[in-house]
>>> print(open('query-v1.txt').read())   # compact mmCIF, C-alpha atoms
# COMPACT_ATOMS: atom_id res chain seq x y z
CA MET Q 1 -14.64 101.35 -105.04
CA MET Q 2 -14.48 99.06 -101.99
CA VAL Q 3 -11.25 100.78 -100.92
CA SER Q 4 -13.03 104.14 -100.92
CA HIS Q 5 -15.88 102.73 -98.85
CA ASP Q 6 -13.40 101.20 -96.40
CA LEU Q 7 -11.62 104.54 -96.05
CA LYS Q 8 -14.82 106.29 -95.02
CA THR Q 9 -15.21 104.36 -91.76
CA PRO Q 10 -11.91 105.40 -90.09
CA LEU Q 11 -12.30 108.87 -91.58
CA ASN Q 12 -15.71 109.26 -89.94
CA VAL Q 13 -14.19 108.17 -86.63
CA ALA Q 14 -11.46 110.80 -87.00
CA ALA Q 15 -14.00 113.48 -87.91
CA MET Q 16 -16.18 112.67 -84.89
CA SER Q 17 -13.10 112.72 -82.64
CA PHE Q 18 -12.04 116.14 -83.88
CA GLU Q 19 -15.62 117.41 -83.50
CA PHE Q 20 -15.69 116.17 -79.89
CA LEU Q 21 -12.37 117.89 -79.16
CA HIS Q 22 -13.64 121.05 -80.86
CA ARG Q 23 -16.59 121.22 -78.46
CA LEU Q 24 -14.44 120.23 -75.48
CA GLU Q 25 -11.73 122.78 -76.24
CA GLY Q 26 -14.10 125.59 -77.22
CA LYS Q 27 -12.53 127.89 -74.66
CA GLY Q 28 -9.24 126.11 -74.26
CA GLU Q 29 -5.73 126.96 -75.37
CA PRO Q 30 -5.73 128.85 -78.72
CA ALA Q 31 -2.93 126.68 -80.09
CA THR Q 32 -4.86 123.50 -79.30
CA GLN Q 33 -8.02 124.92 -80.79
CA ARG Q 34 -6.20 125.80 -84.01
CA MET Q 35 -4.85 122.26 -84.31
CA VAL Q 36 -8.32 120.78 -83.78
CA GLU Q 37 -9.82 123.12 -86.40
CA ARG Q 38 -7.03 122.15 -88.81
CA GLY Q 39 -7.92 118.49 -88.26
CA LEU Q 40 -11.60 119.19 -88.95
CA ARG Q 41 -10.73 120.94 -92.22
CA ALA Q 42 -8.43 118.09 -93.26
CA THR Q 43 -11.05 115.39 -92.60
CA ALA Q 44 -13.67 117.40 -94.49
CA THR Q 45 -11.30 117.65 -97.47
CA MET Q 46 -10.57 113.92 -97.35
CA GLU Q 47 -14.28 113.09 -97.20
CA LYS Q 48 -14.91 115.20 -100.30
CA LEU Q 49 -12.04 113.50 -102.16
CA ILE Q 50 -13.32 110.02 -101.27
CA THR Q 51 -16.85 110.97 -102.33
CA ASN Q 52 -15.45 112.20 -105.66
CA ILE Q 53 -13.63 108.90 -106.19
CA LEU Q 54 -16.84 106.97 -105.53
CA ASP Q 55 -18.78 109.21 -107.94
CA VAL Q 56 -16.15 108.74 -110.66
CA ALA Q 57 -16.36 104.96 -110.28
CA LYS Q 58 -20.17 104.97 -110.45
CA ILE Q 59 -20.31 107.28 -113.48
CA GLU Q 60 -17.69 105.27 -115.37
CA ALA Q 61 -19.45 101.99 -114.59
CA GLY Q 62 -22.88 103.41 -115.43
CA THR Q 63 -24.13 102.46 -111.95
CA LEU Q 64 -25.02 105.91 -110.65
CA VAL Q 65 -28.54 105.24 -109.36
CA LEU Q 66 -30.86 108.23 -109.05
CA ASP Q 67 -34.02 108.69 -107.00
CA VAL Q 68 -35.75 111.03 -109.45
CA LYS Q 69 -38.87 112.95 -108.46
CA PRO Q 70 -40.36 116.43 -109.03
CA GLU Q 71 -38.28 119.01 -107.15
CA SER Q 72 -38.23 122.80 -106.99
CA GLY Q 73 -35.15 124.12 -108.78
CA THR Q 74 -35.73 127.45 -107.05
CA GLU Q 75 -35.52 125.82 -103.60
CA ILE Q 76 -32.33 123.94 -104.50
CA ALA Q 77 -30.68 127.11 -105.80
CA THR Q 78 -31.78 129.11 -102.76
CA HIS Q 79 -30.18 126.58 -100.43
CA VAL Q 80 -26.93 126.62 -102.42
CA LEU Q 81 -26.78 130.44 -102.28
CA ASP Q 82 -27.47 130.37 -98.54
CA GLU Q 83 -24.61 127.90 -98.08
CA VAL Q 84 -22.04 130.10 -99.85
CA SER Q 85 -23.32 133.48 -98.61
CA LEU Q 86 -20.72 133.79 -95.84
CA ALA Q 87 -17.84 132.89 -98.17
CA ALA Q 88 -19.10 135.44 -100.70
CA LYS Q 89 -19.39 138.14 -98.04
CA THR Q 90 -15.89 137.39 -96.77
CA LYS Q 91 -14.51 137.77 -100.30
CA ASN Q 92 -16.64 140.87 -101.00
CA ILE Q 93 -18.51 139.20 -103.85
CA ARG Q 94 -22.15 140.07 -104.40
CA LEU Q 95 -24.61 137.19 -104.75
CA LEU Q 96 -27.46 138.64 -106.76
CA PRO Q 97 -30.98 137.68 -105.67
CA LEU Q 98 -32.29 134.56 -107.31
CA ALA Q 99 -34.15 135.43 -110.49
CA ALA Q 100 -36.49 132.73 -111.77
CA ASP Q 101 -38.77 133.22 -114.76
CA CYS Q 102 -40.77 130.04 -114.23
CA GLY Q 103 -42.06 130.16 -110.66
CA THR Q 104 -40.69 127.27 -108.65
CA CYS Q 105 -39.05 125.79 -111.79
CA MET Q 106 -40.08 122.21 -111.09
CA VAL Q 107 -37.62 119.66 -112.48
CA LEU Q 108 -37.33 115.88 -112.49
CA CYS Q 109 -34.18 115.13 -110.53
CA GLU Q 110 -32.54 113.69 -107.46
CA ARG Q 111 -32.40 116.74 -105.22
CA ALA Q 112 -29.06 115.95 -103.54
CA ARG Q 113 -27.32 115.35 -106.87
CA ILE Q 114 -28.49 118.58 -108.49
CA TYR Q 115 -27.60 120.42 -105.30
CA GLN Q 116 -24.12 118.90 -105.76
CA VAL Q 117 -23.91 120.14 -109.36
CA LEU Q 118 -25.14 123.65 -108.59
CA SER Q 119 -22.96 123.93 -105.49
CA ASN Q 120 -19.90 122.98 -107.56
CA LEU Q 121 -20.65 125.62 -110.20
CA VAL Q 122 -21.30 128.39 -107.66
CA SER Q 123 -18.20 127.45 -105.64
CA ASN Q 124 -16.09 127.59 -108.81
CA ALA Q 125 -17.53 131.01 -109.60
CA LEU Q 126 -16.49 132.18 -106.14
CA LYS Q 127 -12.95 130.90 -106.70
CA PHE Q 128 -12.47 132.75 -109.97
CA THR Q 129 -14.33 135.99 -109.26
CA LYS Q 130 -12.33 138.84 -107.77
CA PRO Q 131 -13.49 140.94 -104.80
CA GLY Q 132 -16.14 143.40 -105.89
CA GLY Q 133 -17.51 141.01 -108.52
CA GLU Q 134 -20.95 139.45 -108.88
CA ILE Q 135 -22.47 135.99 -109.22
CA ARG Q 136 -26.02 135.33 -110.41
CA VAL Q 137 -28.04 132.10 -110.61
CA THR Q 138 -31.02 132.05 -112.96
CA MET Q 139 -33.53 129.50 -114.25
CA GLU Q 140 -35.72 129.54 -117.31
CA SER Q 141 -38.25 127.17 -118.88
CA LYS Q 142 -37.33 126.29 -122.47
CA GLY Q 143 -39.71 123.85 -124.09
CA VAL Q 144 -39.85 120.71 -121.96
CA ASP Q 145 -36.64 121.59 -120.10
CA VAL Q 146 -35.55 123.97 -117.38
CA VAL Q 147 -32.20 125.69 -118.00
CA PHE Q 148 -30.05 126.70 -115.03
CA CYS Q 149 -27.32 129.32 -115.41
CA VAL Q 150 -24.50 130.34 -113.06
CA ALA Q 151 -22.94 133.57 -114.31
CA ASP Q 152 -19.97 135.40 -112.83
CA THR Q 153 -17.91 138.50 -113.55
CA GLY Q 154 -14.61 136.67 -113.18
CA GLU Q 155 -11.58 136.59 -115.43
CA GLY Q 156 -13.14 134.32 -118.00
CA ILE Q 157 -11.78 131.19 -119.67
CA PRO Q 158 -9.52 131.30 -122.76
CA SER Q 159 -11.32 130.03 -125.88
CA GLU Q 160 -8.70 127.31 -126.41
CA ASP Q 161 -9.49 125.86 -122.96
CA LEU Q 162 -13.27 125.71 -123.36
CA PRO Q 163 -13.39 122.38 -125.27
CA ARG Q 164 -11.49 120.68 -122.42
CA ILE Q 165 -13.25 122.22 -119.43
CA PHE Q 166 -15.34 119.08 -118.67
CA GLU Q 167 -12.52 116.57 -119.16
CA ARG Q 168 -11.62 114.43 -116.19
CA PHE Q 169 -8.58 115.73 -114.25
CA TRP Q 170 -8.07 118.59 -116.70
CA GLN Q 171 -7.14 121.97 -115.23
CA ALA Q 172 -5.67 125.10 -116.72
CA GLU Q 173 -2.02 125.45 -115.76
CA GLU Q 174 -2.62 128.63 -113.75
CA THR Q 175 -5.36 126.97 -111.64
CA SER Q 176 -3.84 123.52 -111.21
CA SER Q 177 -3.37 124.01 -107.48
CA MET Q 178 -7.03 124.93 -106.86
CA GLY Q 179 -8.64 121.48 -107.00
CA THR Q 180 -8.58 117.94 -108.35
CA GLY Q 181 -10.04 118.58 -111.80
CA LEU Q 182 -12.93 116.21 -111.07
CA GLY Q 183 -15.75 118.56 -110.10
CA LEU Q 184 -16.93 119.58 -113.57
CA TRP Q 185 -16.45 116.07 -114.96
CA ILE Q 186 -18.65 114.68 -112.18
CA ALA Q 187 -21.19 117.47 -112.70
CA LYS Q 188 -21.38 116.55 -116.40
CA GLY Q 189 -21.89 112.87 -115.55
CA ILE Q 190 -24.68 113.66 -113.08
CA VAL Q 191 -26.50 115.99 -115.48
CA GLN Q 192 -26.23 113.51 -118.35
CA ARG Q 193 -27.53 110.72 -116.11
CA HIS Q 194 -30.61 112.91 -115.57
CA GLY Q 195 -31.09 113.11 -119.33
CA GLY Q 196 -29.81 116.67 -119.52
CA ARG Q 197 -26.70 118.41 -120.79
CA ILE Q 198 -24.19 120.96 -119.51
CA TRP Q 199 -22.16 123.59 -121.35
CA VAL Q 200 -20.15 126.78 -120.83
CA GLU Q 201 -19.76 130.19 -122.44
CA SER Q 202 -17.00 132.59 -121.48
CA GLU Q 203 -15.26 135.78 -122.50
CA LEU Q 204 -11.90 136.89 -121.16
CA ALA Q 205 -12.14 139.77 -118.68
CA LEU Q 206 -15.94 139.67 -118.85
CA GLY Q 207 -16.88 136.47 -117.04
CA THR Q 208 -18.20 132.95 -117.45
CA ARG Q 209 -21.66 131.39 -117.72
CA PHE Q 210 -22.22 127.71 -116.97
CA PHE Q 211 -25.52 126.25 -118.13
CA PHE Q 212 -27.22 122.93 -117.57
CA CYS Q 213 -30.69 121.74 -118.45
CA LEU Q 214 -32.94 119.17 -116.81
CA PRO Q 215 -36.31 117.72 -117.78
CA GLY Q 216 -39.10 119.93 -116.46
CA ALA Q 217 -41.76 118.49 -114.17
CA GLY Q 218 -44.63 120.67 -115.37
>>> encode(input="query-v1.txt", output="structure tokens")
Amino acid sequence: MMVSHDLKTPLNVAAMSFEFLHRLEGKGEPATQRMVERGLRATATMEKLITNILDVAKIEAGTLVLDVKPESGTEIATHVLDEVSLAAKTKNIRLLPLAADCGTCMVLCERARIYQVLSNLVSNALKFTKPGGEIRVTMESKGVDVVFCVADTGEGIPSEDLPRIFERFWQAEETSSMGTGLGLWIAKGIVQRHGGRIWVESELALGTRFFFCLPGAG
């Protein structure tokens, strides 16, 4: 874990340097600008990988500390959808308006961590949904819990793969180049640390629905 922390310092310096050059070269040579933008993308990718490594270490050690308080699930989901709206528009995927059946859907959680979980699920839906498809995020009160759902009209997941979908580093052979195989494992660890659970339902050619539940906050 210390190695990951140590890597973040020089990485932050590199990111700030590329950001400075990006502003400086805003109207400079196109070739230079492309190189700077490539550097920004690379440092952002490295930062995400290091963060994932830190999260894995904390989850495995049982040291993932949460600052839990009442939060609006509706607000968290709205911010996630706003974040991915441009990517969805670029890919011609429709993000359906947030439908919540429980008002603000107050949950007991650490806001940043549940944002991380929901962002991962929506980003995955974008990856595996073809142009012209749809993605919907919903929330519903069920007993003392609030259940979140991210549903897409993508290709679906083969039934034989479903039991392994939350395993660490596991990826289907046809999607092995699309990530590290850590995102869903980390999402599961975060949800379980909140006292909730996460699961998936899918049908080939019809789409996939990821669910997770959190303790409601009244």
>>> closest_residue(input="query-v1.txt", among="Q:Thr153, Q:Asn52, Q:Asn92, Q:Ser119", to="Arg168 of chain Q", atoms="all atoms listed in the file")
Q:Asn52
>>> atom_distance(input="query-v1.txt", atom1="atom CA of Trp185 of chain Q", atom2="atom CA of Ala217 of chain Q")
25.4 Å
>>> closest_residue(input="query-v1.txt", among="Q:Cys213, Q:Ala205, Q:Ile198, Q:Val84", to="Thr129 of chain Q", atoms="all atoms listed in the file")
Q:Ala205
>>> closest_residue(input="query-v1.txt", among="Q:Gln116, Q:Pro70, Q:His79, Q:Phe166", to="Thr51 of chain Q", atoms="only C-alpha atoms")
Q:Gln116
>>> closest_residue(input="query-v1.txt", among="Q:Arg113, Q:Gly181, Q:Asn12, Q:Leu54", to="Ala42 of chain Q", atoms="only C-alpha atoms")
Q:Asn12
>>> closest_residue(input="query-v1.txt", among="Q:Asp82, Q:Asp161, Q:Glu110, Q:Glu140", to="Val65 of chain Q", atoms="all atoms listed in the file")
Q:Glu110
>>> atom_distance(input="query-v1.txt", atom1="atom CA of Met139 of chain Q", atom2="atom CA of Lys58 of chain Q")
28.2 Å
>>> closest_residue(input="query-v1.txt", among="Q:Val147, Q:Ala61, Q:Leu204, Q:Leu126", to="Glu160 of chain Q", atoms="all atoms listed in the file")
Q:Leu204
>>> atom_distance(input="query-v1.txt", atom1="atom CA of Lys91 of chain Q", atom2="atom CA of Lys48 of chain Q")
22.6 Å
>>> residues_around(input="query-v1.txt", residues="Glu75 of chain Q", least_positions_apart="2", cutoff="10 Å", atoms="all atoms listed in the file", output="PyMOL selection string")
chain Q and resi 71-73+77-81+104-106+111+115
>>> residues_around(input="query-v1.txt", residues="segment 132-137 of chain Q", least_positions_apart="2", cutoff="8 Å", atoms="only C-alpha atoms", output="MDAnalysis selection string")
chainID Q and resid 77 92:99 122 125:126 129:130 139 148:154
>>> axis_aligned_box(input="query-v1.txt", around="segment 111-126 of chain Q", padding_each_side="4 Å", output="lines of an AutoDock Vina configuration file")
center_x = -24.2
center_y = 123.8
center_z = -106.9
size_x = 24.3
size_y = 24.8
size_z = 14.7
>>> residues_around(input="query-v1.txt", residues="Gly196 of chain Q", least_positions_apart="5", cutoff="7 Å", atoms="all atoms listed in the file", output="list in words")
Val191, Cys213, Leu214 and Pro215 of chain Q
>>> decode(input="query-v1.txt", residues="segment 111-140 of chain Q", atoms="N, CA, C and O atoms", output="compact mmCIF listing (two decimals), in the first residue's frame")
# COMPACT_ATOMS: atom_id res chain seq x y z
N ARG Q 111 -20.91 9.34 0.85
CA ARG Q 111 -21.34 9.83 -0.46
C ARG Q 111 -20.35 9.51 -1.57
O ARG Q 111 -20.72 9.01 -2.62
N ALA Q 112 -19.05 9.79 -1.33
CA ALA Q 112 -18.04 9.60 -2.37
C ALA Q 112 -17.93 8.14 -2.77
O ALA Q 112 -17.72 7.82 -3.95
N ARG Q 113 -18.08 7.23 -1.80
CA ARG Q 113 -17.94 5.80 -2.11
C ARG Q 113 -19.12 5.28 -2.91
O ARG Q 113 -18.95 4.48 -3.83
N ILE Q 114 -20.33 5.72 -2.59
CA ILE Q 114 -21.49 5.25 -3.35
C ILE Q 114 -21.52 5.92 -4.72
O ILE Q 114 -21.94 5.30 -5.71
N TYR Q 115 -21.02 7.13 -4.81
CA TYR Q 115 -20.83 7.76 -6.12
C TYR Q 115 -19.88 6.89 -6.96
O TYR Q 115 -20.13 6.66 -8.15
N GLN Q 116 -18.82 6.40 -6.32
CA GLN Q 116 -17.85 5.54 -7.00
C GLN Q 116 -18.51 4.27 -7.53
O GLN Q 116 -18.29 3.85 -8.67
N VAL Q 117 -19.34 3.64 -6.70
CA VAL Q 117 -20.03 2.41 -7.09
C VAL Q 117 -20.98 2.68 -8.26
O VAL Q 117 -20.95 1.97 -9.29
N LEU Q 118 -21.82 3.70 -8.12
CA LEU Q 118 -22.81 3.99 -9.15
C LEU Q 118 -22.15 4.44 -10.45
O LEU Q 118 -22.59 4.05 -11.54
N SER Q 119 -21.08 5.20 -10.33
CA SER Q 119 -20.35 5.65 -11.52
C SER Q 119 -19.76 4.46 -12.27
O SER Q 119 -19.79 4.41 -13.50
N ASN Q 120 -19.23 3.48 -11.52
CA ASN Q 120 -18.68 2.28 -12.15
C ASN Q 120 -19.75 1.51 -12.91
O ASN Q 120 -19.54 1.07 -14.05
N LEU Q 121 -20.92 1.36 -12.30
CA LEU Q 121 -22.00 0.59 -12.94
C LEU Q 121 -22.52 1.29 -14.18
O LEU Q 121 -22.77 0.65 -15.21
N VAL Q 122 -22.68 2.61 -14.11
CA VAL Q 122 -23.18 3.36 -15.27
C VAL Q 122 -22.14 3.38 -16.38
O VAL Q 122 -22.47 3.23 -17.57
N SER Q 123 -20.87 3.54 -16.02
CA SER Q 123 -19.79 3.53 -17.02
C SER Q 123 -19.71 2.19 -17.72
O SER Q 123 -19.50 2.11 -18.94
N ASN Q 124 -19.88 1.09 -16.97
CA ASN Q 124 -19.89 -0.24 -17.58
C ASN Q 124 -21.06 -0.38 -18.54
O ASN Q 124 -20.93 -0.97 -19.62
N ALA Q 125 -22.21 0.14 -18.14
CA ALA Q 125 -23.39 0.08 -19.02
C ALA Q 125 -23.12 0.81 -20.32
O ALA Q 125 -23.51 0.35 -21.41
N LEU Q 126 -22.42 1.94 -20.24
CA LEU Q 126 -22.08 2.69 -21.46
C LEU Q 126 -21.15 1.88 -22.35
O LEU Q 126 -21.27 1.91 -23.58
N LYS Q 127 -20.21 1.16 -21.75
CA LYS Q 127 -19.26 0.37 -22.53
C LYS Q 127 -19.96 -0.72 -23.34
O LYS Q 127 -19.60 -0.99 -24.49
N PHE Q 128 -20.97 -1.34 -22.73
CA PHE Q 128 -21.55 -2.54 -23.32
C PHE Q 128 -22.91 -2.32 -23.97
O PHE Q 128 -23.58 -3.28 -24.35
N THR Q 129 -23.31 -1.06 -24.09
CA THR Q 129 -24.56 -0.74 -24.78
C THR Q 129 -24.24 -0.14 -26.14
O THR Q 129 -23.42 0.78 -26.24
N LYS Q 130 -24.86 -0.63 -27.17
CA LYS Q 130 -24.60 -0.16 -28.52
C LYS Q 130 -25.29 1.17 -28.79
O LYS Q 130 -26.27 1.51 -28.11
N PRO Q 131 -24.80 1.93 -29.77
CA PRO Q 131 -25.47 3.18 -30.15
C PRO Q 131 -26.96 2.94 -30.41
O PRO Q 131 -27.35 1.94 -31.01
N GLY Q 132 -27.77 3.87 -29.93
CA GLY Q 132 -29.21 3.73 -30.06
C GLY Q 132 -29.86 3.07 -28.86
O GLY Q 132 -31.09 3.02 -28.76
N GLY Q 133 -29.04 2.57 -27.93
CA GLY Q 133 -29.56 1.90 -26.74
C GLY Q 133 -29.94 2.87 -25.64
O GLY Q 133 -29.84 4.09 -25.79
N GLU Q 134 -30.34 2.30 -24.51
CA GLU Q 134 -30.82 3.11 -23.38
C GLU Q 134 -30.21 2.62 -22.07
O GLU Q 134 -29.91 1.44 -21.91
N ILE Q 135 -30.06 3.56 -21.14
CA ILE Q 135 -29.61 3.25 -19.78
C ILE Q 135 -30.54 3.98 -18.82
O ILE Q 135 -30.85 5.15 -19.01
N ARG Q 136 -30.99 3.26 -17.79
CA ARG Q 136 -31.87 3.87 -16.79
C ARG Q 136 -31.37 3.56 -15.38
O ARG Q 136 -30.99 2.42 -15.10
N VAL Q 137 -31.38 4.57 -14.52
CA VAL Q 137 -31.06 4.39 -13.10
C VAL Q 137 -32.34 4.62 -12.30
O VAL Q 137 -33.03 5.62 -12.49
N THR Q 138 -32.67 3.66 -11.44
CA THR Q 138 -33.86 3.79 -10.60
C THR Q 138 -33.52 3.49 -9.15
O THR Q 138 -32.49 2.87 -8.86
N MET Q 139 -34.39 3.93 -8.25
CA MET Q 139 -34.26 3.66 -6.82
C MET Q 139 -35.63 3.34 -6.27
O MET Q 139 -36.62 3.89 -6.73
N GLU Q 140 -35.65 2.47 -5.27
CA GLU Q 140 -36.93 2.06 -4.69
C GLU Q 140 -36.73 1.66 -3.23
O GLU Q 140 -35.78 0.95 -2.90
